[in-house]
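Enquirer: Structure incoming, see below.
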Amino acid sequence: MAFSVSVFSDRHAFIDAWRTTLGRVGLHIEACAPTTLSARTEKNSVIIIDGAWTGFTEDELLAAAGFARALGATPIVVLPNAHAFADIAGLIDEVCAGLVCVDTDGMARIANVLARYVDATRNRRFEYLTVAPRGTDLLAIVGDGRATVIQRPLDGTDDGSDVREIILSDDATTAVVELVGGPRITLQALSIAPSIPPADFGTTMDVDGVKLGARLRSLRVQAGLTQAELARRTGIHRPNIARVEAGRHTPSLETLARLAQAIGVPTTRVFGQD
């Protein structure tokens, strides 16, 4: 059955823009009146809220996004401009797990995120597998964005030697870990995924937020970017970037990827992996 996204707006151009953008990744929309949001929002649904609707005050927009999140839905908020709802922008960003964009900026990014979200096979693939920043254990990120540390020994043949190479299969469902001592150990993403605690869409990872924020700030400064410029490039409000850099908030993997891309470095650099 085709996955559907509910778009709550009274603007035909807005609805058509989302229909076109989501259609490119195989998703369909259902146009809904903003006044029906509370009645039409269900658990596990995805809803796009047009923040430019004249009926939304700050409190009402926050209530709409918060209600959707409380029901177990994934809310996406589209702000009319970068300065709209400035007093609640940080909280809206957290409620929506970073799925906030300004007008048409960021629509393609969100469409790609949703395309991954509805891919039922994504937890069968490794997106990233490397030696963890601390120790000799492995850090694995599977296709649905969940991350875990795989402790050594990996199996009975693990001799405790350093990792020489990690080779992913073409479909990324398995990985061969080659150790300096000679053993070659095969890992399956599907067998690792169940060991990772379930989390909400857009969840943050269990990492040291202070160190991560410091690395992000260092990379931004090295790139010659101000927080304001980084905010302009990503659509993430500057106060939220400041909170991440100060270690007061650990963002989702998807948000980190946006920041890293805007700075011009691989996401792995933010984790201290060159």
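Ordering of the structure tokens sets the chain letters (A, B, ...), residue numbers begin anew at 1 in every chain, and ligands are numbered from 1 in the order given.
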Skipping near chain neighbours, those fewer than 2 positions away, what residues fall within 7 Å of Ala111 in chain A using only C-alpha atoms, listed as a list of chain:residue names?

Expert: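 Listed by chain and then number, they are A:Thr21, A:Leu22, A:Val25, A:Met107, A:Ala108, A:Arg109, A:Val113, A:Leu114, A:Ala115.
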
Enquirer: Pull N, CA and C atoms from the residues just selected and write them as a PDB file, in the first residue's frame.

Expert:
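Okay, this is what ended up in out.pdb:
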```
ATOM      1  N   THR A  21       7.138  17.533  -4.907  1.00  0.00           N
ATOM      2  CA  THR A  21       8.401  17.173  -4.254  1.00  0.00           C
ATOM      3  C   THR A  21       8.362  15.762  -3.695  1.00  0.00           C
ATOM      4  N   LEU A  22       7.283  15.413  -2.997  1.00  0.00           N
ATOM      5  CA  LEU A  22       7.179  14.071  -2.425  1.00  0.00           C
ATOM      6  C   LEU A  22       6.932  13.023  -3.509  1.00  0.00           C
ATOM      7  N   VAL A  25       9.944  11.107  -4.826  1.00  0.00           N
ATOM      8  CA  VAL A  25      10.505   9.996  -4.053  1.00  0.00           C
ATOM      9  C   VAL A  25       9.450   8.916  -3.799  1.00  0.00           C
ATOM     10  N   MET A 107      12.535  21.535   1.379  1.00  0.00           N
ATOM     11  CA  MET A 107      11.512  20.545   1.041  1.00  0.00           C
ATOM     12  C   MET A 107      12.123  19.253   0.506  1.00  0.00           C
ATOM     13  N   ALA A 108      13.114  19.388  -0.369  1.00  0.00           N
ATOM     14  CA  ALA A 108      13.744  18.196  -0.941  1.00  0.00           C
ATOM     15  C   ALA A 108      14.441  17.381   0.134  1.00  0.00           C
ATOM     16  N   ARG A 109      15.082  18.069   1.085  1.00  0.00           N
ATOM     17  CA  ARG A 109      15.755  17.368   2.188  1.00  0.00           C
ATOM     18  C   ARG A 109      14.750  16.554   2.984  1.00  0.00           C
ATOM     19  N   VAL A 113      14.340  12.449   3.630  1.00  0.00           N
ATOM     20  CA  VAL A 113      14.253  11.858   4.967  1.00  0.00           C
ATOM     21  C   VAL A 113      13.024  10.948   5.061  1.00  0.00           C
ATOM     22  N   LEU A 114      11.897  11.412   4.553  1.00  0.00           N
ATOM     23  CA  LEU A 114      10.672  10.619   4.609  1.00  0.00           C
ATOM     24  C   LEU A 114      10.782   9.358   3.760  1.00  0.00           C
ATOM     25  N   ALA A 115      11.460   9.473   2.628  1.00  0.00           N
ATOM     26  CA  ALA A 115      11.642   8.293   1.776  1.00  0.00           C
ATOM     27  C   ALA A 115      12.405   7.208   2.523  1.00  0.00           C
TER      28      ALA A 115
END
```

Enquirer: As a list in words, please: the residues near Thr136 in chain A (cut-off 12 Å, only C-alpha atoms, same-chain neighbours under 2 positions excluded).

Expert: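 Listing them by chain and then by number gives Thr130, Val131, Ala132, Pro133, Arg134, Leu138, Leu139, Val149, Ile150, Gln151, Arg152, Pro153, Leu154, Asp158, Gly160, Ser161, Asp162, Val163, Arg164 and Leu179 of chain A.
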
Enquirer: Print the selection's residues with C-alpha atoms to a file, as a compact mmCIF listing (two decimals), in the first residue's frame.

Expert:
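Final output, part-v5.txt:
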```txt
# COMPACT_ATOMS: atom_id res chain seq x y z
CA THR A 130 33.80 1.81 12.02
CA VAL A 131 36.03 1.53 15.07
CA ALA A 132 34.40 3.52 17.87
CA PRO A 133 36.06 6.81 18.85
CA ARG A 134 36.91 5.27 22.23
CA LEU A 138 32.86 -0.92 16.82
CA LEU A 139 30.34 1.83 16.16
CA VAL A 149 28.49 0.25 20.07
CA ILE A 150 29.33 -3.39 19.28
CA GLN A 151 31.57 -4.66 22.03
CA ARG A 152 34.61 -6.85 21.42
CA PRO A 153 35.16 -9.76 21.22
CA LEU A 154 32.84 -9.95 18.22
CA ASP A 158 38.09 -12.60 17.79
CA GLY A 160 41.56 -9.04 20.32
CA SER A 161 43.88 -7.55 17.69
CA ASP A 162 43.21 -4.22 15.99
CA VAL A 163 40.81 -3.87 13.09
CA ARG A 164 42.67 -3.79 9.78
CA LEU A 179 41.58 -8.16 12.16
```

Enquirer: I'd like to know which residues of range 11-215 of chain A are alpha helix (DSSP H) (by DSSP, run on the backbone); could you write them as a ChimeraX atom specification?

Expert: /A:12-23,37-40,58-70,89-95,107-117,189-192,209-215

Enquirer: What parts of range 61-95 of chain A does DSSP call strand (DSSP E or B)? I'd like the answer as a list of chain:residue names.

Expert: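 Answer for range 61-95 of chain A restricted to strand (DSSP E or B) is A:Thr74, A:Pro75, A:Ile76, A:Val77, A:Val78, A:Leu79.
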
Enquirer: Write the residues you've just listed into a file as a short mmCIF file (atom, residue, chain, number, x, y, z; two decimals), in the first residue's frame, and include N, CA and C atoms for each of them.

Expert:
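Here's the written file again35.cif:
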```cif
data_model
loop_
_atom_site.label_atom_id
_atom_site.label_comp_id
_atom_site.auth_asym_id
_atom_site.auth_seq_id
_atom_site.Cartn_x
_atom_site.Cartn_y
_atom_site.Cartn_z
N THR A 74 4.54 11.88 13.29
CA THR A 74 5.75 12.63 12.97
C THR A 74 5.33 13.97 12.39
N PRO A 75 5.45 15.06 13.16
CA PRO A 75 5.06 16.37 12.64
C PRO A 75 6.21 17.06 11.90
N ILE A 76 5.87 17.72 10.82
CA ILE A 76 6.81 18.55 10.07
C ILE A 76 6.19 19.94 9.99
N VAL A 77 6.93 20.95 10.38
CA VAL A 77 6.41 22.31 10.36
C VAL A 77 7.14 23.12 9.30
N VAL A 78 6.37 23.83 8.48
CA VAL A 78 6.94 24.72 7.46
C VAL A 78 6.64 26.15 7.88
N LEU A 79 7.69 26.91 8.17
CA LEU A 79 7.53 28.29 8.61
C LEU A 79 7.48 29.21 7.39
#
```

Enquirer: Could you name the residues that touch Ala172 in chain A at 9 Å or less, counting only C-alpha atoms, but leaving out those on the same chain fewer than 5 positions away, as a PyMOL selection string?

Expert: chain A and resi 124-127+188-189

Enquirer: Within 8 Å of Leu37 in chain A, counting only C-alpha atoms, which residues qualify if same-chain residues fewer than 5 places away don't, as a list in words?

Expert: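 The filter keeps Phe8, Cys32 and Ala64 of chain A.
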
Enquirer: Range 46-129 of chain A near range 244-268 of chain A within 10 Å: what's each residue's closest atom pair and its distance in Å to one decimal, counting only C-alpha atoms, ordered by chain then ascending residue number, as a tab-separated table?

Expert:
```
residue	atom	partner	partner_atom	distance
A:Glu94	CA	A:Pro251	CA	8.7
A:Ala97	CA	A:Ser252	CA	7.1
A:Gly98	CA	A:Thr255	CA	6.3
A:Leu99	CA	A:Thr255	CA	8.6
A:Arg109	CA	A:Arg258	CA	8.9
A:Ile110	CA	A:Glu254	CA	10.0
A:Val113	CA	A:Glu254	CA	8.0
A:Tyr128	CA	A:Thr268	CA	9.1
```

Enquirer: Would you mind exporting C-alpha atoms of the selected residues as a short mmCIF file (atom, residue, chain, number, x, y, z; two decimals), in the first residue's frame?

Expert:
```
data_model
loop_
_atom_site.label_atom_id
_atom_site.label_comp_id
_atom_site.auth_asym_id
_atom_site.auth_seq_id
_atom_site.Cartn_x
_atom_site.Cartn_y
_atom_site.Cartn_z
CA GLU A 94 12.83 19.86 19.15
CA ALA A 97 13.03 16.41 15.75
CA GLY A 98 14.64 18.85 13.34
CA LEU A 99 12.00 18.43 10.61
CA ARG A 109 15.75 17.37 2.19
CA ILE A 110 12.62 16.46 4.12
CA VAL A 113 14.25 11.86 4.97
CA TYR A 128 28.11 3.30 8.85
#
```

Enquirer: Which value, in Å to one decimal, gives the distance between CA of Gly143 in chain A and CA of Val95 in chain A?

Expert: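 These atoms are spaced 22.3 Å apart.
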